[in-house]
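Trainee: I am sharing entry.cif, which consists of mmCIF, N, CA and C atoms and all ligand atoms:
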data_structure
#
loop_
_atom_site.label_atom_id
_atom_site.label_comp_id
_atom_site.auth_asym_id
_atom_site.auth_seq_id
_atom_site.Cartn_x
_atom_site.Cartn_y
_atom_site.Cartn_z
N MET A 15 5.51 -53.00 48.10
CA MET A 15 5.40 -51.81 48.95
C MET A 15 6.80 -51.30 49.29
N LYS A 16 7.01 -50.00 49.09
CA LYS A 16 8.30 -49.42 49.43
C LYS A 16 8.04 -48.01 49.98
N PRO A 17 7.89 -47.91 51.32
CA PRO A 17 7.62 -46.59 51.90
C PRO A 17 8.74 -45.60 51.57
N SER A 18 8.40 -44.35 51.34
CA SER A 18 9.40 -43.34 50.98
C SER A 18 10.16 -42.84 52.21
N HIS A 19 9.48 -42.81 53.34
CA HIS A 19 10.13 -42.34 54.58
C HIS A 19 9.21 -42.60 55.77
N ILE A 20 9.74 -42.37 56.96
CA ILE A 20 8.88 -42.43 58.16
C ILE A 20 8.12 -41.12 58.20
N GLU A 21 6.81 -41.19 58.03
CA GLU A 21 5.98 -39.99 57.97
C GLU A 21 5.95 -39.32 59.35
N HIS A 22 5.67 -40.14 60.36
CA HIS A 22 5.71 -39.60 61.73
C HIS A 22 5.87 -40.72 62.75
N LEU A 23 6.23 -40.28 63.95
CA LEU A 23 6.22 -41.15 65.11
C LEU A 23 5.10 -40.66 66.00
N GLY A 24 4.25 -41.55 66.43
CA GLY A 24 3.15 -41.18 67.33
C GLY A 24 3.56 -41.43 68.76
N ILE A 25 3.46 -40.40 69.58
CA ILE A 25 3.86 -40.51 70.99
C ILE A 25 2.66 -40.14 71.86
N ALA A 26 2.26 -41.07 72.72
CA ALA A 26 1.13 -40.82 73.62
C ALA A 26 1.59 -39.96 74.79
N VAL A 27 0.81 -38.96 75.12
CA VAL A 27 1.12 -38.09 76.27
C VAL A 27 -0.15 -37.87 77.08
N THR A 28 0.04 -37.56 78.36
CA THR A 28 -1.13 -37.32 79.20
C THR A 28 -1.67 -35.91 79.00
N SER A 29 -0.80 -34.99 78.59
CA SER A 29 -1.23 -33.61 78.42
C SER A 29 -0.41 -32.91 77.34
N LEU A 30 -1.08 -32.44 76.30
CA LEU A 30 -0.38 -31.69 75.25
C LEU A 30 0.21 -30.42 75.84
N GLU A 31 -0.60 -29.76 76.64
CA GLU A 31 -0.19 -28.48 77.22
C GLU A 31 1.15 -28.62 77.96
N GLN A 32 1.29 -29.72 78.69
CA GLN A 32 2.50 -29.90 79.49
C GLN A 32 3.69 -30.40 78.67
N THR A 33 3.44 -31.06 77.55
CA THR A 33 4.55 -31.65 76.80
C THR A 33 4.99 -30.86 75.57
N ILE A 34 4.12 -30.00 75.04
CA ILE A 34 4.48 -29.22 73.85
C ILE A 34 5.77 -28.41 74.07
N PRO A 35 5.91 -27.71 75.19
CA PRO A 35 7.15 -26.92 75.39
C PRO A 35 8.41 -27.80 75.33
N PHE A 36 8.32 -29.02 75.89
CA PHE A 36 9.48 -29.91 75.85
C PHE A 36 9.82 -30.30 74.41
N PHE A 37 8.81 -30.65 73.63
CA PHE A 37 9.08 -31.08 72.25
C PHE A 37 9.54 -29.91 71.38
N GLU A 38 9.11 -28.69 71.71
CA GLU A 38 9.63 -27.52 71.00
C GLU A 38 11.12 -27.35 71.31
N LEU A 39 11.45 -27.60 72.55
CA LEU A 39 12.85 -27.51 72.97
C LEU A 39 13.68 -28.60 72.29
N LEU A 40 13.16 -29.81 72.28
CA LEU A 40 13.88 -30.97 71.75
C LEU A 40 14.06 -30.89 70.24
N THR A 41 13.02 -30.46 69.52
CA THR A 41 13.08 -30.47 68.05
C THR A 41 13.55 -29.13 67.50
N GLY A 42 13.59 -28.12 68.33
CA GLY A 42 13.97 -26.79 67.86
C GLY A 42 12.97 -26.23 66.89
N SER A 43 11.76 -26.76 66.90
CA SER A 43 10.72 -26.23 66.00
C SER A 43 9.41 -26.08 66.75
N LYS A 44 8.66 -25.06 66.35
CA LYS A 44 7.38 -24.77 66.99
C LYS A 44 6.35 -25.83 66.59
N CYS A 45 5.49 -26.14 67.54
CA CYS A 45 4.32 -26.96 67.21
C CYS A 45 3.54 -26.21 66.14
N TYR A 46 3.33 -26.85 64.96
CA TYR A 46 2.69 -26.12 63.86
C TYR A 46 1.22 -26.44 63.67
N SER A 47 0.73 -27.43 64.42
CA SER A 47 -0.68 -27.78 64.25
C SER A 47 -1.20 -28.52 65.47
N ILE A 48 -2.38 -28.13 65.93
CA ILE A 48 -3.08 -28.89 66.98
C ILE A 48 -4.45 -29.21 66.40
N GLU A 49 -4.80 -30.48 66.46
CA GLU A 49 -6.02 -30.91 65.80
C GLU A 49 -6.68 -32.02 66.62
N GLU A 50 -8.00 -31.92 66.77
CA GLU A 50 -8.72 -33.01 67.42
C GLU A 50 -9.20 -33.99 66.36
N VAL A 51 -8.93 -35.29 66.59
CA VAL A 51 -9.46 -36.31 65.68
C VAL A 51 -10.55 -37.05 66.47
N ALA A 52 -11.78 -36.60 66.28
CA ALA A 52 -12.92 -37.08 67.09
C ALA A 52 -13.06 -38.60 66.95
N ASP A 53 -12.92 -39.06 65.72
CA ASP A 53 -12.96 -40.48 65.37
C ASP A 53 -12.09 -41.34 66.28
N GLN A 54 -10.89 -40.86 66.60
CA GLN A 54 -9.94 -41.64 67.39
C GLN A 54 -9.86 -41.17 68.84
N LYS A 55 -10.73 -40.21 69.19
CA LYS A 55 -10.81 -39.69 70.56
C LYS A 55 -9.45 -39.20 71.07
N VAL A 56 -8.80 -38.44 70.21
CA VAL A 56 -7.51 -37.86 70.57
C VAL A 56 -7.39 -36.42 70.10
N LYS A 57 -6.51 -35.70 70.77
CA LYS A 57 -6.08 -34.39 70.31
C LYS A 57 -4.62 -34.56 69.93
N THR A 58 -4.24 -34.03 68.78
CA THR A 58 -2.88 -34.24 68.28
C THR A 58 -2.14 -32.91 68.19
N ALA A 59 -0.83 -32.97 68.33
CA ALA A 59 0.03 -31.81 68.12
C ALA A 59 1.22 -32.27 67.28
N PHE A 60 1.62 -31.44 66.31
CA PHE A 60 2.65 -31.85 65.35
C PHE A 60 3.88 -30.95 65.37
N PHE A 61 5.03 -31.61 65.18
CA PHE A 61 6.33 -30.94 65.08
C PHE A 61 7.05 -31.53 63.89
N LYS A 62 7.90 -30.74 63.25
CA LYS A 62 8.67 -31.26 62.12
C LYS A 62 10.11 -31.52 62.54
N VAL A 63 10.60 -32.68 62.13
CA VAL A 63 12.03 -33.02 62.28
C VAL A 63 12.47 -33.47 60.89
N GLY A 64 12.98 -32.55 60.11
CA GLY A 64 13.25 -32.85 58.70
C GLY A 64 11.95 -33.21 58.01
N GLN A 65 11.98 -34.33 57.30
CA GLN A 65 10.82 -34.78 56.54
C GLN A 65 9.82 -35.52 57.45
N THR A 66 10.31 -35.91 58.61
CA THR A 66 9.51 -36.71 59.53
C THR A 66 8.86 -35.80 60.57
N LYS A 67 7.71 -36.22 61.06
CA LYS A 67 7.01 -35.44 62.08
C LYS A 67 6.92 -36.23 63.38
N ILE A 68 6.75 -35.49 64.43
CA ILE A 68 6.39 -36.09 65.72
C ILE A 68 4.92 -35.75 65.93
N GLU A 69 4.13 -36.76 66.22
CA GLU A 69 2.70 -36.56 66.47
C GLU A 69 2.44 -36.89 67.94
N LEU A 70 2.13 -35.88 68.73
CA LEU A 70 1.77 -36.15 70.12
C LEU A 70 0.28 -36.45 70.16
N LEU A 71 -0.09 -37.42 70.98
CA LEU A 71 -1.48 -37.86 71.07
C LEU A 71 -1.96 -37.78 72.51
N GLU A 72 -2.94 -36.93 72.74
CA GLU A 72 -3.53 -36.83 74.07
C GLU A 72 -4.95 -37.37 74.00
N PRO A 73 -5.32 -38.30 74.91
CA PRO A 73 -6.68 -38.83 74.87
C PRO A 73 -7.70 -37.75 75.24
N THR A 74 -8.86 -37.79 74.60
CA THR A 74 -9.91 -36.82 74.94
C THR A 74 -10.97 -37.44 75.85
N CYS A 75 -10.89 -38.74 76.07
CA CYS A 75 -11.80 -39.40 77.02
C CYS A 75 -11.19 -40.73 77.46
N PRO A 76 -11.67 -41.28 78.58
CA PRO A 76 -11.09 -42.52 79.12
C PRO A 76 -11.24 -43.73 78.19
N GLU A 77 -12.20 -43.68 77.26
CA GLU A 77 -12.42 -44.81 76.33
C GLU A 77 -11.46 -44.77 75.15
N SER A 78 -10.71 -43.71 75.03
CA SER A 78 -9.75 -43.58 73.92
C SER A 78 -8.70 -44.69 74.01
N THR A 79 -8.31 -45.23 72.87
CA THR A 79 -7.26 -46.26 72.88
C THR A 79 -5.95 -45.68 73.44
N ILE A 80 -5.77 -44.37 73.27
CA ILE A 80 -4.56 -43.73 73.81
C ILE A 80 -4.62 -43.69 75.34
N ALA A 81 -5.81 -43.48 75.88
CA ALA A 81 -5.97 -43.50 77.35
C ALA A 81 -5.62 -44.90 77.87
N LYS A 82 -6.07 -45.92 77.16
CA LYS A 82 -5.78 -47.31 77.57
C LYS A 82 -4.29 -47.62 77.46
N PHE A 83 -3.68 -47.11 76.42
CA PHE A 83 -2.24 -47.30 76.23
C PHE A 83 -1.46 -46.67 77.39
N ILE A 84 -1.84 -45.46 77.77
CA ILE A 84 -1.17 -44.76 78.87
C ILE A 84 -1.37 -45.51 80.18
N GLU A 85 -2.58 -46.02 80.37
CA GLU A 85 -2.90 -46.77 81.58
C GLU A 85 -2.01 -48.02 81.67
N LYS A 86 -1.86 -48.74 80.54
CA LYS A 86 -1.02 -49.94 80.50
C LYS A 86 0.44 -49.60 80.76
N ASN A 87 0.81 -48.38 80.41
CA ASN A 87 2.18 -47.92 80.57
C ASN A 87 2.43 -47.31 81.95
N GLY A 88 1.59 -47.66 82.89
CA GLY A 88 1.77 -47.17 84.25
C GLY A 88 1.46 -45.69 84.39
N GLY A 89 0.52 -45.21 83.56
CA GLY A 89 0.09 -43.82 83.67
C GLY A 89 0.99 -42.83 82.95
N ARG A 90 2.01 -43.37 82.27
CA ARG A 90 2.93 -42.52 81.53
C ARG A 90 2.75 -42.72 80.03
N GLY A 91 3.14 -41.74 79.29
CA GLY A 91 3.06 -41.86 77.84
C GLY A 91 4.21 -42.70 77.31
N GLY A 92 4.39 -42.68 76.01
CA GLY A 92 5.47 -43.43 75.39
C GLY A 92 5.23 -43.52 73.90
N VAL A 93 6.20 -44.14 73.20
CA VAL A 93 6.05 -44.29 71.75
C VAL A 93 4.86 -45.21 71.48
N HIS A 94 3.90 -44.74 70.72
CA HIS A 94 2.66 -45.47 70.48
C HIS A 94 2.65 -46.15 69.11
N HIS A 95 3.12 -45.45 68.08
CA HIS A 95 3.15 -46.09 66.76
C HIS A 95 4.17 -45.42 65.84
N VAL A 96 4.51 -46.16 64.79
CA VAL A 96 5.39 -45.63 63.75
C VAL A 96 4.57 -45.61 62.46
N ALA A 97 4.72 -44.53 61.69
CA ALA A 97 3.91 -44.37 60.47
C ALA A 97 4.81 -44.24 59.25
N PHE A 98 4.57 -45.11 58.27
CA PHE A 98 5.32 -45.10 57.02
C PHE A 98 4.53 -44.36 55.94
N ASN A 99 5.22 -43.57 55.16
CA ASN A 99 4.58 -42.89 54.04
C ASN A 99 4.61 -43.80 52.81
N VAL A 100 3.44 -44.05 52.25
CA VAL A 100 3.34 -44.87 51.03
C VAL A 100 2.58 -44.09 49.96
N ASP A 101 2.73 -44.51 48.71
CA ASP A 101 2.04 -43.84 47.59
C ASP A 101 0.53 -44.07 47.67
N ASN A 102 0.16 -45.29 48.05
CA ASN A 102 -1.24 -45.66 48.01
C ASN A 102 -1.55 -46.63 49.15
N VAL A 103 -2.35 -46.20 50.11
CA VAL A 103 -2.63 -47.02 51.30
C VAL A 103 -3.43 -48.27 50.93
N ALA A 104 -4.38 -48.14 50.02
CA ALA A 104 -5.20 -49.30 49.63
C ALA A 104 -4.32 -50.40 49.03
N ASP A 105 -3.40 -50.01 48.16
CA ASP A 105 -2.48 -50.98 47.55
C ASP A 105 -1.57 -51.60 48.61
N ALA A 106 -1.09 -50.77 49.53
CA ALA A 106 -0.19 -51.24 50.59
C ALA A 106 -0.92 -52.24 51.50
N LEU A 107 -2.20 -51.96 51.79
CA LEU A 107 -2.99 -52.89 52.62
C LEU A 107 -3.14 -54.24 51.91
N ALA A 108 -3.42 -54.19 50.62
CA ALA A 108 -3.59 -55.43 49.85
C ALA A 108 -2.28 -56.22 49.87
N TYR A 109 -1.17 -55.52 49.72
CA TYR A 109 0.17 -56.15 49.74
C TYR A 109 0.41 -56.81 51.11
N CYS A 110 0.10 -56.07 52.18
CA CYS A 110 0.32 -56.59 53.54
C CYS A 110 -0.54 -57.82 53.78
N GLU A 111 -1.81 -57.73 53.40
CA GLU A 111 -2.73 -58.85 53.62
C GLU A 111 -2.27 -60.07 52.83
N ALA A 112 -1.84 -59.85 51.60
CA ALA A 112 -1.38 -60.95 50.75
C ALA A 112 -0.14 -61.61 51.34
N ASN A 113 0.60 -60.86 52.18
CA ASN A 113 1.82 -61.39 52.80
C ASN A 113 1.60 -61.82 54.24
N GLY A 114 0.33 -62.00 54.60
CA GLY A 114 0.00 -62.57 55.90
C GLY A 114 0.11 -61.63 57.08
N ILE A 115 0.18 -60.34 56.80
CA ILE A 115 0.23 -59.37 57.90
C ILE A 115 -1.20 -59.04 58.33
N GLN A 116 -1.44 -59.15 59.63
CA GLN A 116 -2.78 -58.88 60.16
C GLN A 116 -3.08 -57.39 60.12
N LEU A 117 -4.27 -57.04 59.63
CA LEU A 117 -4.65 -55.63 59.52
C LEU A 117 -5.59 -55.23 60.65
N ILE A 118 -5.48 -54.00 61.10
CA ILE A 118 -6.52 -53.44 61.97
C ILE A 118 -7.59 -52.83 61.08
N ASP A 119 -7.15 -52.04 60.10
CA ASP A 119 -8.08 -51.41 59.16
C ASP A 119 -8.04 -52.15 57.83
N LYS A 120 -9.18 -52.69 57.45
CA LYS A 120 -9.27 -53.39 56.15
C LYS A 120 -9.33 -52.36 55.01
N MET A 121 -9.85 -51.18 55.36
CA MET A 121 -10.02 -50.12 54.36
C MET A 121 -9.29 -48.87 54.85
N PRO A 122 -8.72 -48.09 53.93
CA PRO A 122 -8.11 -46.81 54.32
C PRO A 122 -9.16 -45.87 54.91
N ARG A 123 -8.73 -45.01 55.83
CA ARG A 123 -9.64 -44.01 56.39
C ARG A 123 -8.90 -42.69 56.57
N LYS A 124 -9.64 -41.66 56.99
CA LYS A 124 -9.05 -40.33 57.15
C LYS A 124 -8.39 -40.21 58.52
N GLY A 125 -7.16 -39.68 58.53
CA GLY A 125 -6.48 -39.42 59.78
C GLY A 125 -6.25 -37.93 59.97
N ALA A 126 -5.42 -37.58 60.95
CA ALA A 126 -5.07 -36.19 61.18
C ALA A 126 -4.36 -35.65 59.95
N GLU A 127 -4.36 -34.35 59.80
CA GLU A 127 -3.70 -33.66 58.68
C GLU A 127 -4.23 -34.09 57.32
N ASN A 128 -5.47 -34.60 57.32
CA ASN A 128 -6.11 -34.98 56.06
C ASN A 128 -5.39 -36.11 55.31
N LEU A 129 -4.58 -36.88 56.06
CA LEU A 129 -3.90 -38.01 55.45
C LEU A 129 -4.88 -39.17 55.32
N THR A 130 -4.64 -40.02 54.36
CA THR A 130 -5.35 -41.30 54.27
C THR A 130 -4.49 -42.30 55.02
N ILE A 131 -5.09 -43.00 55.97
CA ILE A 131 -4.30 -43.87 56.85
C ILE A 131 -4.92 -45.25 57.01
N ALA A 132 -4.14 -46.18 57.53
CA ALA A 132 -4.63 -47.49 57.96
C ALA A 132 -3.59 -48.06 58.92
N PHE A 133 -4.06 -48.85 59.87
CA PHE A 133 -3.16 -49.45 60.85
C PHE A 133 -3.00 -50.95 60.62
N LEU A 134 -1.77 -51.42 60.86
CA LEU A 134 -1.47 -52.85 60.84
C LEU A 134 -1.43 -53.33 62.29
N HIS A 135 -1.77 -54.59 62.49
CA HIS A 135 -1.84 -55.11 63.86
C HIS A 135 -0.45 -55.37 64.43
N PRO A 136 -0.21 -54.89 65.68
CA PRO A 136 1.13 -55.09 66.28
C PRO A 136 1.53 -56.56 66.42
N LYS A 137 0.53 -57.46 66.45
CA LYS A 137 0.85 -58.90 66.51
C LYS A 137 1.68 -59.33 65.31
N SER A 138 1.46 -58.64 64.19
CA SER A 138 2.15 -59.00 62.95
C SER A 138 3.35 -58.11 62.67
N THR A 139 3.57 -57.09 63.52
CA THR A 139 4.61 -56.10 63.20
C THR A 139 5.59 -55.95 64.37
N CYS A 140 6.02 -57.10 64.90
CA CYS A 140 7.04 -57.12 65.96
C CYS A 140 6.63 -56.31 67.18
N GLY A 141 5.33 -56.23 67.44
CA GLY A 141 4.86 -55.55 68.63
C GLY A 141 4.75 -54.03 68.49
N VAL A 142 5.10 -53.54 67.32
CA VAL A 142 5.05 -52.08 67.11
C VAL A 142 3.82 -51.74 66.26
N LEU A 143 2.89 -51.04 66.84
CA LEU A 143 1.72 -50.60 66.08
C LEU A 143 2.22 -49.79 64.89
N THR A 144 1.78 -50.17 63.69
CA THR A 144 2.31 -49.57 62.46
C THR A 144 1.18 -48.96 61.65
N GLU A 145 1.42 -47.72 61.23
CA GLU A 145 0.44 -46.99 60.46
C GLU A 145 0.99 -46.78 59.04
N LEU A 146 0.11 -46.84 58.07
CA LEU A 146 0.46 -46.50 56.70
C LEU A 146 -0.23 -45.16 56.38
N CYS A 147 0.49 -44.24 55.75
CA CYS A 147 -0.05 -42.91 55.46
C CYS A 147 0.13 -42.58 54.00
N GLN A 148 -0.86 -41.90 53.47
CA GLN A 148 -0.80 -41.41 52.09
C GLN A 148 -1.12 -39.92 52.13
N GLN A 149 -0.28 -39.13 51.46
CA GLN A 149 -0.46 -37.67 51.46
C GLN A 149 -1.74 -37.29 50.69
N PRO A 150 -2.42 -36.21 51.12
CA PRO A 150 -3.59 -35.77 50.36
C PRO A 150 -3.18 -35.34 48.96
N LYS A 151 -4.09 -35.56 48.02
CA LYS A 151 -3.77 -35.22 46.62
C LYS A 151 -3.74 -33.72 46.41
ZN ZN B 201 -0.24 -41.48 63.46
#
Let me see whether you can do it: turn the structure in this file into structure tokens.
Mentor:
Amino acid sequence: MKPSHIEHLGIAVTSLEQTIPFFELLTGSKCYSIEEVADQKVKTAFFKVGQTKIELLEPTCPESTIAKFIEKNGGRGGVHHVAFNVDNVADALAYCEANGIQLIDKMPRKGAENLTIAFLHPKSTCGVLTELCQQPK
């Protein structure tokens, strides 16, 4: 496995509406996409920083893992995950599993922006929730 680049950084926020202006200021680029991912109970907003993106994640309900993350963080957001771009998520998962890395997702699934994604368990990744992403064909 050799990721080509950091696809995005996922940052949990309590409110997209309140944080989008700050990230537009910080990145000097307009938020180019807002998308709800019902599956993960989040609303996402995206910014480009070169080849890498910033993905803001706002929980859509209290049961969302993002809501729980914010709660653990004392009600504040923070860096939630790092996402690596790989050629093939299924192959990357097999590689990780063969090397003793604990998986959250045994199978690739659909994420925001129509990417194919899978998560690795933070227990195996130095405490940093790690996502693998594959660009749509
Ligand atoms: Zn992500």
Trainee: Using only N, CA and C atoms and all ligand atoms, find each protein or nucleic acid residue lying at most 6 Å from ligand ZN 201 (chain B); present the set as a list of chain:residue names.
Mentor: A:Leu23, A:Gly24, A:Ala97
Trainee: Ranking A:Phe60, A:Phe36, A:Tyr46, A:Phe133 by minimum distance to Glu145 of chain A and counting all atoms listed in the file, which one comes first?
Mentor: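 Of A:Phe60, A:Phe36, A:Tyr46, A:Phe133, the one nearest Glu145 of chain A, counting all atoms listed in the file, is A:Phe133.
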Trainee: Could you work out how far atom CA of Leu71 of chain A lies from atom CA of Val93 of chain A, giving the answer in Å with one decimal?
Mentor: 9.9 Å
Trainee: Suppose you want the space between atom CA of Ala26 of chain A and atom CA of His135 of chain A; what is it in Å?
Mentor: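 So the two atoms, atom CA of Ala26 of chain A and atom CA of His135 of chain A, lie 17.6 Å apart.
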Trainee: Residues of chain A in helix (DSSP H, G or I) according to DSSP, as a ChimeraX atom specification?
Mentor: /A:30-41,52-54,79-86,103-112,126-128,136-138
Trainee: Which is closest to Ala106 of chain A among A:Met121, A:Met15, A:Val27, A:Cys140, if we use only C-alpha atoms?
Mentor: A:Met15
Trainee: What is the atom CA of Asn87 of chain A to atom CA of Leu39 of chain A distance in Å?
Mentor: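 Interatomic distance here is 24.3 Å.
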Trainee: Write out as a Markdown table a residue-level contact list of segment 81-136 of chain A versus segment 47-55 of chain A with cut-off 9 Å: for each qualifying residue the closest pair of atoms and the distance in Å to one decimal, counting only C-alpha atoms, rows sorted by chain and residue number upward.
Mentor:
| residue | atom | partner | partner_atom | distance |
| --- | --- | --- | --- | --- |
| A:Gly125 | CA | A:Val51 | CA | 7.3 |
| A:Ala126 | CA | A:Val51 | CA | 6.3 |
| A:Glu127 | CA | A:Glu49 | CA | 8.0 |
Trainee: May I have the residues at most 8 Å from (-2.2, -55.8, 59.9) in the file's coordinates, counting all atoms listed in the file, as a count of residues only?
Mentor: 18
Trainee: Name all residues at most 12 Å from Lys82 of chain A (count only C-alpha atoms; drop same-chain ones fewer than 4 positions away) and give them as an mmCIF file with N, CA and C atoms, keeping the file's coordinate frame.
Mentor:
data_model
loop_
_atom_site.group_PDB
_atom_site.id
_atom_site.type_symbol
_atom_site.label_atom_id
_atom_site.label_comp_id
_atom_site.auth_asym_id
_atom_site.auth_seq_id
_atom_site.Cartn_x
_atom_site.Cartn_y
_atom_site.Cartn_z
ATOM 1 N N ALA A 26 2.260 -41.070 72.720
ATOM 2 C CA ALA A 26 1.130 -40.820 73.620
ATOM 3 C C ALA A 26 1.590 -39.960 74.790
ATOM 4 N N VAL A 27 0.810 -38.960 75.120
ATOM 5 C CA VAL A 27 1.120 -38.090 76.270
ATOM 6 C C VAL A 27 -0.150 -37.870 77.080
ATOM 7 N N THR A 28 0.040 -37.560 78.360
ATOM 8 C CA THR A 28 -1.130 -37.320 79.200
ATOM 9 C C THR A 28 -1.670 -35.910 79.000
ATOM 10 N N LYS A 55 -10.730 -40.210 69.190
ATOM 11 C CA LYS A 55 -10.810 -39.690 70.560
ATOM 12 C C LYS A 55 -9.450 -39.200 71.070
ATOM 13 N N VAL A 56 -8.800 -38.440 70.210
ATOM 14 C CA VAL A 56 -7.510 -37.860 70.570
ATOM 15 C C VAL A 56 -7.390 -36.420 70.100
ATOM 16 N N GLU A 72 -2.940 -36.930 72.740
ATOM 17 C CA GLU A 72 -3.530 -36.830 74.070
ATOM 18 C C GLU A 72 -4.950 -37.370 74.000
ATOM 19 N N PRO A 73 -5.320 -38.300 74.910
ATOM 20 C CA PRO A 73 -6.680 -38.830 74.870
ATOM 21 C C PRO A 73 -7.700 -37.750 75.240
ATOM 22 N N THR A 74 -8.860 -37.790 74.600
ATOM 23 C CA THR A 74 -9.910 -36.820 74.940
ATOM 24 C C THR A 74 -10.970 -37.440 75.850
ATOM 25 N N CYS A 75 -10.890 -38.740 76.070
ATOM 26 C CA CYS A 75 -11.800 -39.400 77.020
ATOM 27 C C CYS A 75 -11.190 -40.730 77.460
ATOM 28 N N PRO A 76 -11.670 -41.280 78.580
ATOM 29 C CA PRO A 76 -11.090 -42.520 79.120
ATOM 30 C C PRO A 76 -11.240 -43.730 78.190
ATOM 31 N N GLU A 77 -12.200 -43.680 77.260
ATOM 32 C CA GLU A 77 -12.420 -44.810 76.330
ATOM 33 C C GLU A 77 -11.460 -44.770 75.150
ATOM 34 N N SER A 78 -10.710 -43.710 75.030
ATOM 35 C CA SER A 78 -9.750 -43.580 73.920
ATOM 36 C C SER A 78 -8.700 -44.690 74.010
ATOM 37 N N LYS A 86 -1.860 -48.740 80.540
ATOM 38 C CA LYS A 86 -1.020 -49.940 80.500
ATOM 39 C C LYS A 86 0.440 -49.600 80.760
ATOM 40 N N ASN A 87 0.810 -48.380 80.410
ATOM 41 C CA ASN A 87 2.180 -47.920 80.570
ATOM 42 C C ASN A 87 2.430 -47.310 81.950
ATOM 43 N N GLY A 88 1.590 -47.660 82.890
ATOM 44 C CA GLY A 88 1.770 -47.170 84.250
ATOM 45 C C GLY A 88 1.460 -45.690 84.390
ATOM 46 N N GLY A 89 0.520 -45.210 83.560
ATOM 47 C CA GLY A 89 0.090 -43.820 83.670
ATOM 48 C C GLY A 89 0.990 -42.830 82.950
ATOM 49 N N ARG A 90 2.010 -43.370 82.270
ATOM 50 C CA ARG A 90 2.930 -42.520 81.530
ATOM 51 C C ARG A 90 2.750 -42.720 80.030
ATOM 52 N N GLY A 91 3.140 -41.740 79.290
ATOM 53 C CA GLY A 91 3.060 -41.860 77.840
ATOM 54 C C GLY A 91 4.210 -42.700 77.310
ATOM 55 N N HIS A 94 3.900 -44.740 70.720
ATOM 56 C CA HIS A 94 2.660 -45.470 70.480
ATOM 57 C C HIS A 94 2.650 -46.150 69.110
#
Trainee: With distances taken over only C-alpha atoms, which residue among A:Gln148, A:Thr79, A:Gln32, A:Asn113 lies nearest Ala59 of chain A?
Mentor: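 Using only C-alpha atoms, the shortest distance to Ala59 of chain A belongs to A:Gln32.
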Trainee: Taking all atoms of segment 68-79 of chain A that appear in the file, build a box with edges along x, y and z, extend it by 8 Å on every side, and state its centre and edge lengths in Å to one decimal, as lines of an AutoDock Vina configuration file.
Mentor:
center_x = -2.8
center_y = -40.9
center_z = 71.8
size_x = 35.2
size_y = 26.8
size_z = 30.7
Trainee: DSSP on the backbone: which residues in segment 45-151 of chain A end up as strand (DSSP E)? Give the answer as a PyMOL selection string.
Mentor: chain A and resi 47-51+56-63+66-73+92-99+123-124+130-134+144-148
Trainee: Quick one: of A:Lys120, A:Pro17, A:Gly141, A:His22, who's nearest to Thr66 of chain A, counting all atoms listed in the file?
Mentor: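 Answer, going by the shortest atom-to-atom distance: A:His22.
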Trainee: Between A:Val96, A:Ile68, A:Ile131, A:Ile25, which one has atoms that come closest to Ile84 of chain A, using only C-alpha atoms?
Mentor: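 Nearest to Ile84 of chain A: A:Ile25.
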